[in-house]
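Working notes, structure below.
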Amino acid sequence: MERYVPKPALLNLYKKVLKEAYEIESKDMVGNRQKVVSQLEDCNTSLQKARKLLLDSDITADDYRMMKQDYEKRVVQLEEELIKLKPVSESIDTHLQAALKVLLNLKDLFNNGDIHLKREILSSMWPEKMIFNDGQLRTTRVNEIASIIYLMDRKL
């Protein structure tokens, strides 16, 4: 069987779709980072206010300790969230080339891969539960990028 080689126009369309998806995801990531940083600043500001209230004798030492414990717990949670929200890389060209290479060789990767790779490929295309019934695949949702690529291939 002859290997499928997409036309340059299709490759450019793949790149564009992947780049747009990345940019949308990046904006969300940057927004989430800013939100967490803002919440951290709020916690630190509140802790400073509580310290001032203690120094001005407006609250007791026990009240301050409880407030401090609550804010410190929240700060730890927010810092953990911030670690998970890695800074967004400015250039995705290298990653895009690697992704296109995988897309172009998906059939070979699947046919020659072990069961774990096959499962990973399938779950990336169909992120929700897959049901096989009477030799047919039934699923509630297909990965958005995979469906766009499938539509582009069908139209070209």
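Naming scheme: A, B, ... for chains in displayed order of the structure tokens; residues 1 onward per chain; ligands 1 onward as shown.
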With only C-alpha atoms as the counted atoms, please give the residues lying no more than 7 Å from segment 13-29 of chain A, apart from itself and same-chain residues fewer than 2 positions off, as number ranges by chain.
A: 9-11, 31-33, 85, 88, 96
Please, could you write that set of residues out with C-alpha atoms as a CSV table (one decimal), in the first residue's frame?
chain,number,residue,atom,x,y,z
A,9,ALA,CA,-1.4,23.2,1.2
A,10,LEU,CA,-2.8,20.6,3.6
A,11,LEU,CA,0.4,20.7,5.7
A,31,GLY,CA,-4.8,34.2,32.3
A,32,ASN,CA,-4.8,31.4,34.9
A,33,ARG,CA,-1.2,32.3,35.9
A,85,LEU,CA,0.9,26.3,35.4
A,88,VAL,CA,4.2,29.5,28.2
A,96,LEU,CA,4.9,22.0,15.8
Excluding Leu82 of chain A and any residue of its chain fewer than 6 positions from it, enumerate the residues within 12 Å of it, using only C-alpha atoms, and give them as a PDB file with N, CA, C and O atoms, in the first residue's frame.
ATOM      1  N   MET A  29      -3.703  29.710  29.691  1.00  0.00           N
ATOM      2  CA  MET A  29      -2.657  29.435  30.667  1.00  0.00           C
ATOM      3  C   MET A  29      -2.134  30.739  31.274  1.00  0.00           C
ATOM      4  O   MET A  29      -1.978  30.833  32.487  1.00  0.00           O
ATOM      5  N   VAL A  30      -1.912  31.736  30.432  1.00  0.00           N
ATOM      6  CA  VAL A  30      -1.417  33.029  30.920  1.00  0.00           C
ATOM      7  C   VAL A  30      -2.464  33.669  31.827  1.00  0.00           C
ATOM      8  O   VAL A  30      -2.138  34.188  32.899  1.00  0.00           O
ATOM      9  N   GLY A  31      -3.732  33.602  31.434  1.00  0.00           N
ATOM     10  CA  GLY A  31      -4.805  34.152  32.258  1.00  0.00           C
ATOM     11  C   GLY A  31      -4.894  33.470  33.610  1.00  0.00           C
ATOM     12  O   GLY A  31      -5.069  34.130  34.639  1.00  0.00           O
ATOM     13  N   ASN A  32      -4.752  32.150  33.607  1.00  0.00           N
ATOM     14  CA  ASN A  32      -4.788  31.400  34.870  1.00  0.00           C
ATOM     15  C   ASN A  32      -3.603  31.746  35.755  1.00  0.00           C
ATOM     16  O   ASN A  32      -3.757  31.877  36.969  1.00  0.00           O
ATOM     17  N   ARG A  33      -2.426  31.894  35.165  1.00  0.00           N
ATOM     18  CA  ARG A  33      -1.234  32.279  35.941  1.00  0.00           C
ATOM     19  C   ARG A  33      -1.447  33.643  36.589  1.00  0.00           C
ATOM     20  O   ARG A  33      -1.152  33.836  37.762  1.00  0.00           O
ATOM     21  N   GLN A  34      -1.956  34.586  35.821  1.00  0.00           N
ATOM     22  CA  GLN A  34      -2.176  35.929  36.347  1.00  0.00           C
ATOM     23  C   GLN A  34      -3.194  35.911  37.487  1.00  0.00           C
ATOM     24  O   GLN A  34      -3.042  36.616  38.483  1.00  0.00           O
ATOM     25  N   LYS A  35      -4.215  35.091  37.332  1.00  0.00           N
ATOM     26  CA  LYS A  35      -5.240  34.972  38.369  1.00  0.00           C
ATOM     27  C   LYS A  35      -4.639  34.421  39.663  1.00  0.00           C
ATOM     28  O   LYS A  35      -4.898  34.948  40.751  1.00  0.00           O
ATOM     29  N   VAL A  36      -3.815  33.392  39.562  1.00  0.00           N
ATOM     30  CA  VAL A  36      -3.195  32.785  40.743  1.00  0.00           C
ATOM     31  C   VAL A  36      -2.229  33.771  41.399  1.00  0.00           C
ATOM     32  O   VAL A  36      -2.198  33.899  42.622  1.00  0.00           O
ATOM     33  N   VAL A  37      -1.434  34.469  40.596  1.00  0.00           N
ATOM     34  CA  VAL A  37      -0.491  35.460  41.133  1.00  0.00           C
ATOM     35  C   VAL A  37      -1.261  36.556  41.869  1.00  0.00           C
ATOM     36  O   VAL A  37      -0.863  36.982  42.965  1.00  0.00           O
ATOM     37  N   SER A  38      -2.385  36.985  41.305  1.00  0.00           N
ATOM     38  CA  SER A  38      -3.207  38.009  41.951  1.00  0.00           C
ATOM     39  C   SER A  38      -3.754  37.505  43.290  1.00  0.00           C
ATOM     40  O   SER A  38      -3.760  38.243  44.286  1.00  0.00           O
ATOM     41  N   GLN A  39      -4.187  36.244  43.320  1.00  0.00           N
ATOM     42  CA  GLN A  39      -4.698  35.670  44.569  1.00  0.00           C
ATOM     43  C   GLN A  39      -3.592  35.557  45.617  1.00  0.00           C
ATOM     44  O   GLN A  39      -3.833  35.778  46.806  1.00  0.00           O
ATOM     45  N   LEU A  40      -2.386  35.229  45.177  1.00  0.00           N
ATOM     46  CA  LEU A  40      -1.235  35.181  46.103  1.00  0.00           C
ATOM     47  C   LEU A  40      -0.972  36.557  46.701  1.00  0.00           C
ATOM     48  O   LEU A  40      -0.738  36.690  47.909  1.00  0.00           O
ATOM     49  N   VAL A  75      -1.769  30.099  50.665  1.00  0.00           N
ATOM     50  CA  VAL A  75      -0.563  30.455  49.908  1.00  0.00           C
ATOM     51  C   VAL A  75       0.122  29.190  49.373  1.00  0.00           C
ATOM     52  O   VAL A  75       0.533  29.146  48.216  1.00  0.00           O
ATOM     53  N   VAL A  76       0.212  28.161  50.193  1.00  0.00           N
ATOM     54  CA  VAL A  76       0.827  26.899  49.755  1.00  0.00           C
ATOM     55  C   VAL A  76       0.035  26.308  48.588  1.00  0.00           C
ATOM     56  O   VAL A  76       0.610  25.867  47.586  1.00  0.00           O
TER      57      VAL A  76
END
What's around Ala50 of chain A at 12 Å? Count only C-alpha atoms, leave out sequence neighbours fewer than 5 positions away in its own chain, and write the answer as a list in words.
Cys43, Asn44, Thr45, Leu55, Asp56, Ser57, Asp58, Ile59, Thr60, Ala61, Asp62, Asp63, Tyr64, Arg65, Met66, Met67, Lys68, Gln69, Asp70 and Tyr71 of chain A
Could you please take those selected residues and save N, CA and C atoms as a compact mmCIF listing (two decimals), in the first residue's frame?
# COMPACT_ATOMS: atom_id res chain seq x y z
N CYS A 43 -3.58 37.34 49.31
CA CYS A 43 -3.32 36.62 50.57
C CYS A 43 -2.23 37.32 51.38
N ASN A 44 -1.16 37.69 50.70
CA ASN A 44 -0.05 38.36 51.40
C ASN A 44 -0.49 39.72 51.94
N THR A 45 -1.31 40.44 51.17
CA THR A 45 -1.81 41.73 51.63
C THR A 45 -2.71 41.54 52.86
N LEU A 55 -0.80 44.29 65.85
CA LEU A 55 0.06 45.31 66.45
C LEU A 55 -0.74 46.47 67.03
N ASP A 56 -1.88 46.78 66.41
CA ASP A 56 -2.73 47.86 66.91
C ASP A 56 -3.67 47.38 68.01
N SER A 57 -3.54 46.12 68.39
CA SER A 57 -4.36 45.49 69.44
C SER A 57 -5.85 45.44 69.08
N ASP A 58 -6.15 45.39 67.80
CA ASP A 58 -7.55 45.27 67.36
C ASP A 58 -8.00 43.81 67.34
N ILE A 59 -7.05 42.87 67.28
CA ILE A 59 -7.37 41.45 67.35
C ILE A 59 -6.43 40.78 68.35
N THR A 60 -6.81 39.61 68.83
CA THR A 60 -5.98 38.90 69.81
C THR A 60 -4.92 38.08 69.08
N ALA A 61 -3.94 37.62 69.83
CA ALA A 61 -2.88 36.80 69.26
C ALA A 61 -3.45 35.49 68.72
N ASP A 62 -4.44 34.93 69.41
CA ASP A 62 -5.07 33.68 68.94
C ASP A 62 -5.78 33.90 67.60
N ASP A 63 -6.49 35.01 67.50
CA ASP A 63 -7.16 35.33 66.24
C ASP A 63 -6.14 35.46 65.11
N TYR A 64 -5.05 36.16 65.40
CA TYR A 64 -4.00 36.33 64.40
C TYR A 64 -3.42 34.99 63.97
N ARG A 65 -3.14 34.11 64.93
CA ARG A 65 -2.58 32.79 64.61
C ARG A 65 -3.51 32.00 63.69
N MET A 66 -4.81 32.04 64.01
CA MET A 66 -5.78 31.32 63.16
C MET A 66 -5.80 31.91 61.74
N MET A 67 -5.81 33.22 61.68
CA MET A 67 -5.81 33.88 60.36
C MET A 67 -4.53 33.55 59.60
N LYS A 68 -3.42 33.59 60.30
CA LYS A 68 -2.13 33.30 59.67
C LYS A 68 -2.09 31.88 59.12
N GLN A 69 -2.59 30.92 59.92
CA GLN A 69 -2.63 29.53 59.47
C GLN A 69 -3.47 29.39 58.20
N ASP A 70 -4.63 30.02 58.19
CA ASP A 70 -5.51 29.95 57.02
C ASP A 70 -4.84 30.53 55.78
N TYR A 71 -4.24 31.72 55.94
CA TYR A 71 -3.58 32.35 54.80
C TYR A 71 -2.36 31.55 54.33
Write down as number ranges by chain the residues of segment 45-143 of chain A whose backbone DSSP state falls under strand (DSSP E or B).
A: 130-133, 136-139
In segment 7-145 of chain A, DSSP alpha helix (DSSP H) residues written as a ChimeraX atom specification:
/A:8-55,61-84,93-104,106-112,115-125,144-145
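Picture a line from atom CA of Ile131 of chain A to atom CA of Leu117 of chain A; it runs 19.1 Å.
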Using only C-alpha atoms, which residue out of A:Ile115, A:Ile121, A:Lys86, A:Pro8 lies closest to Val102 of chain A?
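The shortest atom-to-atom distance to Val102 of chain A comes from A:Ile121.
Picture a line from atom CA of Asn12 of chain A to atom CA of Leu100 of chain A; it runs 10.1 Å.
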